[in-house]
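Student: Quick one: this structure, given as structure tokens, is what I'll be asking you about.
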Amino acid sequence: MKRIRNTIRSAARVVALSVAGAGAAWAFVYETNHELIGTGDLDGNRRQDVVIFDRATGKYRVGYQSTDGLFNWVNYRVSGLKDPTWLTLGRLMADDKDALAFTAADANLVHVVEAANPGSPGKPVAIEFETLGPGALVAVDIGGPGNTPLDDLAVSSVYDDPNKIVLFRNDAGSFAVNAQPEIKATWVRPNRLALKRGGPLYVTGLWSGDDSDAFRVSDFASGREVIVAEAGGLPKGSDYVVGFFRGAPLADVVTYKKGEKTIQFHPLTEAGGKLGVGEAKTFELANPINLLVAVPKAQGAGLLAVYGKGESAEVLALDAAGAPGTVQSIPTTSGDLIFGAVGLEESFLVFTGADYMKFATDARVFKPEGATYAAGELVKLASMQDNDDATVPDIHERIVTILEKEAIRSADDMRLYTNAIPGTQVNYVMVPIPGGEFTMGSPDSEAGRNPDEGPARRVKIAPFWMGRLEVSWNEYELFMFPDDEKKLRGDHPTEESVNAVSDAVTRPSKPYMEMSFGMGKEGYPAISMSQHAANKYCHWLSAKTGHFYRLPTEAEWEYACRAGTSTAYSFGDDEGKLGEYGVFEDNSDFKYGKIGRKKPNPWGLHDMHGNVAEWCLDQYEDSYESLKDTLVNPWNKATKPYPHVVRGGSFDDSASKLRSGARRGSDRNWKMRDPQLPKSIWWLTDAQFVGFRIVRPLEVPSAAELQKYWTSGVEKE
């Protein structure tokens, strides 16, 4: 028996479709024109979650169901392949939740990924597949010697001659080939279903021959495929759906061919404990069929029929006695098409989008209510716009590994360090900031104090490093201009794996004007980037270096600025000395100065007072009234695009705005002259006074938390 040299590790977040173990006939994988749709219990809360897999891009979206019909749709994840052939979900990694497996025949790939944590995407891991063209696959319990509590995998080949079904034995997430029987047809659209209420799970699927198709029920309990029941003579290219349409203990099968009006109703039978397929009855629906979906009703299941390209749909009552009857039409918004649907235990979801789209953009839940269904609110699905979430697990793993190698386990191990951005000769310096407690805010008696600087609160801060200087154009333009940065790698080679991850981080759009506004670049602070852009720089720098960088919280910034002082400035209360420590309106000549030319504060940080104001992570509130005393590492996470906190004052500000406790909130007018519609999420045409510096916390958070620091989700107006 050949071992697969790949142990699949638990990853943070996934997508999947589980029919294995669900015991419900509508826990089913559906194939639409553009997407694969299915359900499974990904997070182990015993509710069906939903996965929509975009075939063109290999991206998938997950809706985690918290209560019946209420879903948390998270950002799309990356499967690691395009044009997937099929997918399945089962107890592949743990016995209390589902994981996803999917194939891509043309790429000759089988991937498995777990999705237990809605807060972080899982990392797809490849299983070695040496036969040609993995096509259909299903999570199934393969019996016989060596059987384990977890589900195994049955994967068909589509390019071998003859084709095979490769049976993989699952041993704690490590897969080995158990058998490779040859098959005489192409196996497509398999599912694992309970065909009798309370009965065992069987594998259903279509077997496509040269001239016709056959629906087949198979059992793998013996360690090999045993055909339980079969209905042959179906049109080539058929599809099928299974549901308890009659309300009987046994399920029914409906076969059809997309683009045609005809359906065949096949009631399952049982005699002497053996399943069979009864005599088929043929019916004609009102319009050419795009998709059939089994949906729940009070007794049995209903049949949702989507017609044409998705222009209309209706729920049908279906039994063996007569033609299907319309129960209810499914409404759509004007100009929208129905892209797909999926049945759940107590409801069903219909996915819609504009007729010019290639994927669904909205979802609506329908719940049985009397003889019909009640429609819920139209809900936006997660965006398919490109993002870089998939980089986070790899970056987090590298950060943790490097931290262990550096043997930095406590504040006592922290030292000042100078680092070169890999692949370049550009350096930056990080200063250790000891943990401690301070009073955040200004006393009522402080000259120039504003109401938003209080009431004062005691705050505890954990140790971190902070950039000695504001981020310069020398550093930031490596991030701005990826082509130029890549050219430097010839003279300063870096690991390809590091390049791959850092190159996948989203970069700014090319600015349409010179963003230093003629004030200078070499040795000067980078300016006019949005908070989102500053966050993504931290994401990129973390990927490049293997250290966790982010923007400071407002509390961290003030703590570092004060550097153990409680006076108006870190050097005291004498405003007359400010020119020695900061660039502001009295000495700036209306432009910023070179970084690091003024005196540092007591902890060795330059330009904390003036030069350019600096982004913090927090949403700006006009007081600390809602904050409790004493706080530990507070962070007022942003929930809207404006205002966010900037600190320190700038070259364009009066002295009082450079005090340690002075605050300012961002404003949409900072993009006022931006001619783009929508306005850029990267650049601020009218905030030439804003830059940032970075921090590196001693404690590395989870991968899910990293993503929250780097992607606020409120960058768009």
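Here's how to read the names in the structure tokens: chain A, B, ... by the order shown, residue numbers from 1 in each chain, ligand numbers from 1 in the order shown.
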Among stretch 445-672 of chain A, which residues does DSSP mark as strand (DSSP E or B) when it is run on the backbone? Keep the chain and numbering as in the structure and answer as number ranges by chain.
Tutor: A: 457-461, 464-467, 472, 525, 529, 550, 569, 572, 613-619, 631-632, 644-647, 663-665
Student: Restricted to N, CA and C atoms, what would the selected residues look like written as an mmCIF file, in the first residue's frame?
Tutor:
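What follows is the written file selection_20.cif:
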data_model
loop_
_atom_site.group_PDB
_atom_site.id
_atom_site.type_symbol
_atom_site.label_atom_id
_atom_site.label_comp_id
_atom_site.auth_asym_id
_atom_site.auth_seq_id
_atom_site.Cartn_x
_atom_site.Cartn_y
_atom_site.Cartn_z
ATOM 1 N N ARG A 457 -7.514 58.324 31.718
ATOM 2 C CA ARG A 457 -7.708 56.924 32.098
ATOM 3 C C ARG A 457 -6.352 56.267 32.352
ATOM 4 N N ARG A 458 -6.315 55.381 33.342
ATOM 5 C CA ARG A 458 -5.116 54.580 33.577
ATOM 6 C C ARG A 458 -5.116 53.408 32.599
ATOM 7 N N VAL A 459 -3.976 53.194 31.971
ATOM 8 C CA VAL A 459 -3.877 52.182 30.917
ATOM 9 C C VAL A 459 -2.611 51.356 31.127
ATOM 10 N N LYS A 460 -2.746 50.038 30.969
ATOM 11 C CA LYS A 460 -1.596 49.137 31.011
ATOM 12 C C LYS A 460 -1.251 48.716 29.582
ATOM 13 N N ILE A 461 0.027 48.752 29.277
ATOM 14 C CA ILE A 461 0.502 48.456 27.931
ATOM 15 C C ILE A 461 1.531 47.332 27.994
ATOM 16 N N PHE A 464 6.497 46.239 23.448
ATOM 17 C CA PHE A 464 6.523 46.196 21.981
ATOM 18 C C PHE A 464 7.751 46.960 21.499
ATOM 19 N N TRP A 465 8.073 46.773 20.242
ATOM 20 C CA TRP A 465 9.065 47.610 19.579
ATOM 21 C C TRP A 465 8.329 48.679 18.772
ATOM 22 N N MET A 466 8.966 49.813 18.605
ATOM 23 C CA MET A 466 8.406 50.867 17.748
ATOM 24 C C MET A 466 9.492 51.395 16.834
ATOM 25 N N GLY A 467 9.094 51.762 15.613
ATOM 26 C CA GLY A 467 10.057 52.333 14.680
ATOM 27 C C GLY A 467 10.687 53.592 15.242
ATOM 28 N N SER A 472 9.777 55.970 5.827
ATOM 29 C CA SER A 472 10.273 56.897 4.802
ATOM 30 C C SER A 472 9.798 56.480 3.413
ATOM 31 N N PRO A 525 9.733 61.521 5.167
ATOM 32 C CA PRO A 525 8.658 60.599 5.514
ATOM 33 C C PRO A 525 7.666 60.417 4.367
ATOM 34 N N MET A 529 -0.850 58.529 2.340
ATOM 35 C CA MET A 529 -1.470 57.218 2.199
ATOM 36 C C MET A 529 -2.663 57.125 3.157
ATOM 37 N N ARG A 550 2.580 46.114 12.641
ATOM 38 C CA ARG A 550 1.263 46.728 12.469
ATOM 39 C C ARG A 550 1.344 48.190 12.876
ATOM 40 N N TYR A 569 4.693 67.785 26.725
ATOM 41 C CA TYR A 569 5.556 67.193 25.707
ATOM 42 C C TYR A 569 6.494 66.210 26.396
ATOM 43 N N GLY A 572 8.988 68.052 28.472
ATOM 44 C CA GLY A 572 8.532 68.961 29.515
ATOM 45 C C GLY A 572 7.359 69.794 29.049
ATOM 46 N N ALA A 613 1.864 63.889 11.004
ATOM 47 C CA ALA A 613 0.969 63.184 11.915
ATOM 48 C C ALA A 613 0.983 61.705 11.556
ATOM 49 N N GLU A 614 0.670 60.846 12.523
ATOM 50 C CA GLU A 614 0.876 59.408 12.325
ATOM 51 C C GLU A 614 -0.410 58.627 12.583
ATOM 52 N N TRP A 615 -0.699 57.708 11.661
ATOM 53 C CA TRP A 615 -1.888 56.871 11.769
ATOM 54 C C TRP A 615 -1.810 55.957 12.994
ATOM 55 N N CYS A 616 -2.951 55.792 13.644
ATOM 56 C CA CYS A 616 -3.132 54.757 14.656
ATOM 57 C C CYS A 616 -4.222 53.803 14.181
ATOM 58 N N LEU A 617 -4.362 52.684 14.862
ATOM 59 C CA LEU A 617 -5.348 51.679 14.462
ATOM 60 C C LEU A 617 -6.784 52.082 14.789
ATOM 61 N N ASP A 618 -6.961 52.958 15.768
ATOM 62 C CA ASP A 618 -8.270 53.121 16.389
ATOM 63 C C ASP A 618 -9.251 53.965 15.588
ATOM 64 N N GLN A 619 -10.538 53.650 15.789
ATOM 65 C CA GLN A 619 -11.610 54.560 15.423
ATOM 66 C C GLN A 619 -11.529 55.764 16.368
ATOM 67 N N LEU A 631 -7.558 50.151 31.947
ATOM 68 C CA LEU A 631 -7.602 49.431 30.689
ATOM 69 C C LEU A 631 -6.300 48.667 30.454
ATOM 70 N N VAL A 632 -6.409 47.560 29.718
ATOM 71 C CA VAL A 632 -5.234 46.776 29.349
ATOM 72 C C VAL A 632 -5.198 46.680 27.831
ATOM 73 N N HIS A 644 -10.718 57.985 11.726
ATOM 74 C CA HIS A 644 -9.696 57.192 12.388
ATOM 75 C C HIS A 644 -8.694 58.140 13.046
ATOM 76 N N VAL A 645 -7.960 57.632 14.020
ATOM 77 C CA VAL A 645 -7.085 58.480 14.831
ATOM 78 C C VAL A 645 -5.752 58.732 14.135
ATOM 79 N N VAL A 646 -5.314 59.998 14.149
ATOM 80 C CA VAL A 646 -3.924 60.343 13.834
ATOM 81 C C VAL A 646 -3.364 61.088 15.038
ATOM 82 N N ARG A 647 -2.082 60.929 15.269
ATOM 83 C CA ARG A 647 -1.441 61.477 16.469
ATOM 84 C C ARG A 647 -0.153 62.215 16.101
ATOM 85 N N ARG A 663 -4.985 64.936 19.893
ATOM 86 C CA ARG A 663 -5.577 63.921 19.014
ATOM 87 C C ARG A 663 -6.236 64.591 17.815
ATOM 88 N N ARG A 664 -6.444 63.789 16.784
ATOM 89 C CA ARG A 664 -7.165 64.285 15.616
ATOM 90 C C ARG A 664 -7.837 63.105 14.928
ATOM 91 N N GLY A 665 -9.005 63.354 14.339
ATOM 92 C CA GLY A 665 -9.701 62.323 13.575
ATOM 93 C C GLY A 665 -9.628 62.602 12.093
#
Student: When you look at A:Leu658 with a cut-off of 9 Å (counting only C-alpha atoms), what residues show up, excluding the ones that are within fewer than 2 positions of it in the same chain? I need them as a tab-separated table (two decimals) with C-alpha atoms, in the first residue's frame.
Tutor:
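Output file out_33.tsv is given in full below:
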chain	number	residue	atom	x	y	z
A	568	ALA	CA	2.61	68.36	27.82
A	569	TYR	CA	5.56	67.19	25.71
A	578	LEU	CA	9.68	72.41	20.75
A	582	GLY	CA	9.84	68.69	16.26
A	584	PHE	CA	5.90	72.38	13.10
A	608	MET	CA	6.97	61.95	17.80
A	609	HIS	CA	6.15	65.65	18.02
A	610	GLY	CA	5.43	66.99	14.53
A	613	ALA	CA	0.97	63.18	11.92
A	647	ARG	CA	-1.44	61.48	16.47
A	648	GLY	CA	1.58	63.74	16.94
A	649	GLY	CA	0.70	66.77	14.85
A	650	SER	CA	2.54	67.83	11.72
A	653	ASP	CA	0.27	72.52	12.88
A	654	SER	CA	0.66	74.92	15.78
A	655	ALA	CA	2.63	73.89	18.84
A	656	SER	CA	-0.39	72.89	20.96
A	660	SER	CA	1.66	64.14	23.72
A	661	GLY	CA	-2.07	63.99	24.45
A	662	ALA	CA	-3.29	65.86	21.36
A	663	ARG	CA	-5.58	63.92	19.01
Student: Enumerate as number ranges by chain all residues of stretch 345-572 of chain A assigned to helix (DSSP H, G or I) by DSSP on the backbone, naming them with the chain letters and numbers the document uses.
Tutor: A: 389-406, 411-413, 451-453, 473-480, 482-488, 496-503, 531-545, 554-562
Student: Within 10 Å of A:Thr88, counting only C-alpha atoms, which residues show up once you throw out same-chain ones fewer than 2 positions away? Write them as a PyMOL selection string, please.
Tutor: chain A and resi 16-20+28-29+38-40+86+90+98-103+112+136-140+153+189-192
Student: Tell me, in Å to one decimal, how far atom CA of A:Leu303 is from atom CA of A:Glu346.
Tutor: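 That distance, rounded to one decimal, is 14.3 Å.
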Student: Quick one: residues within 6 Å of stretch 228-234 of chain A, only C-alpha atoms counted, chain neighbours fewer than 4 positions away excluded, as a list in words?
Tutor: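 Within the cut-off, the hits are Ser212, Asp213, Ala214, Phe215, Arg216, Val217, Ser218 and Gly276 of chain A.
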Student: Quick one: everything within 8 Å of stretch 679-688 of chain A, counting only C-alpha atoms, minus sequence neighbours fewer than 5 positions away in the same chain. Send it as a list of chain:residue names.
Tutor: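 My list of contacting residues is A:Pro508, A:Ser509, A:Pro511, A:Met515, A:Ser516, A:Phe517, A:Ile527, A:Ser528, A:Met529, A:Ser530, A:Gln531, A:His532, A:Ala533, A:Asn669, A:Trp670, A:Lys671, A:Met672, A:Arg673, A:Asp674, A:Glu715, A:Lys716.
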Student: Residues within 10 Å of stretch 396-398 of chain A, please, as a ChimeraX atom specification. Count only C-alpha atoms; anything in the same chain fewer than 5 positions from it doesn't count.
Tutor: /A:391,403-404,498,542-543,545-548,700-704,706-707
Student: Kindly export the residues of the current selection with C-alpha atoms, as a PDB file, in the first residue's frame.
Tutor:
ATOM      1  CA  THR A 391      -1.338  34.847   2.783  1.00  0.00           C
ATOM      2  CA  LEU A 403      10.412  34.186  17.072  1.00  0.00           C
ATOM      3  CA  GLU A 404      11.374  30.767  18.437  1.00  0.00           C
ATOM      4  CA  VAL A 498       9.080  34.600   0.917  1.00  0.00           C
ATOM      5  CA  SER A 542       5.572  41.205   7.888  1.00  0.00           C
ATOM      6  CA  ALA A 543       5.553  38.859   4.906  1.00  0.00           C
ATOM      7  CA  THR A 545      10.684  39.910   7.207  1.00  0.00           C
ATOM      8  CA  GLY A 546       8.909  37.256   9.268  1.00  0.00           C
ATOM      9  CA  HIS A 547       8.285  39.768  12.071  1.00  0.00           C
ATOM     10  CA  PHE A 548       4.768  40.884  12.985  1.00  0.00           C
ATOM     11  CA  VAL A 700       2.309  37.364  18.469  1.00  0.00           C
ATOM     12  CA  PRO A 701      -1.461  36.979  18.163  1.00  0.00           C
ATOM     13  CA  SER A 702      -3.344  34.289  16.247  1.00  0.00           C
ATOM     14  CA  ALA A 703      -3.561  34.288  12.462  1.00  0.00           C
ATOM     15  CA  ALA A 704      -7.161  35.474  12.712  1.00  0.00           C
ATOM     16  CA  LEU A 706      -3.297  39.345  12.279  1.00  0.00           C
ATOM     17  CA  GLN A 707      -5.889  39.636   9.555  1.00  0.00           C
TER      18      GLN A 707
END
Student: I'd like the interatomic distance between atom CA of A:Ser156 and atom CA of A:Thr186, to a tenth of an Å.
Tutor: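 One can read the atom CA of A:Ser156 to atom CA of A:Thr186 distance as 7.9 Å.
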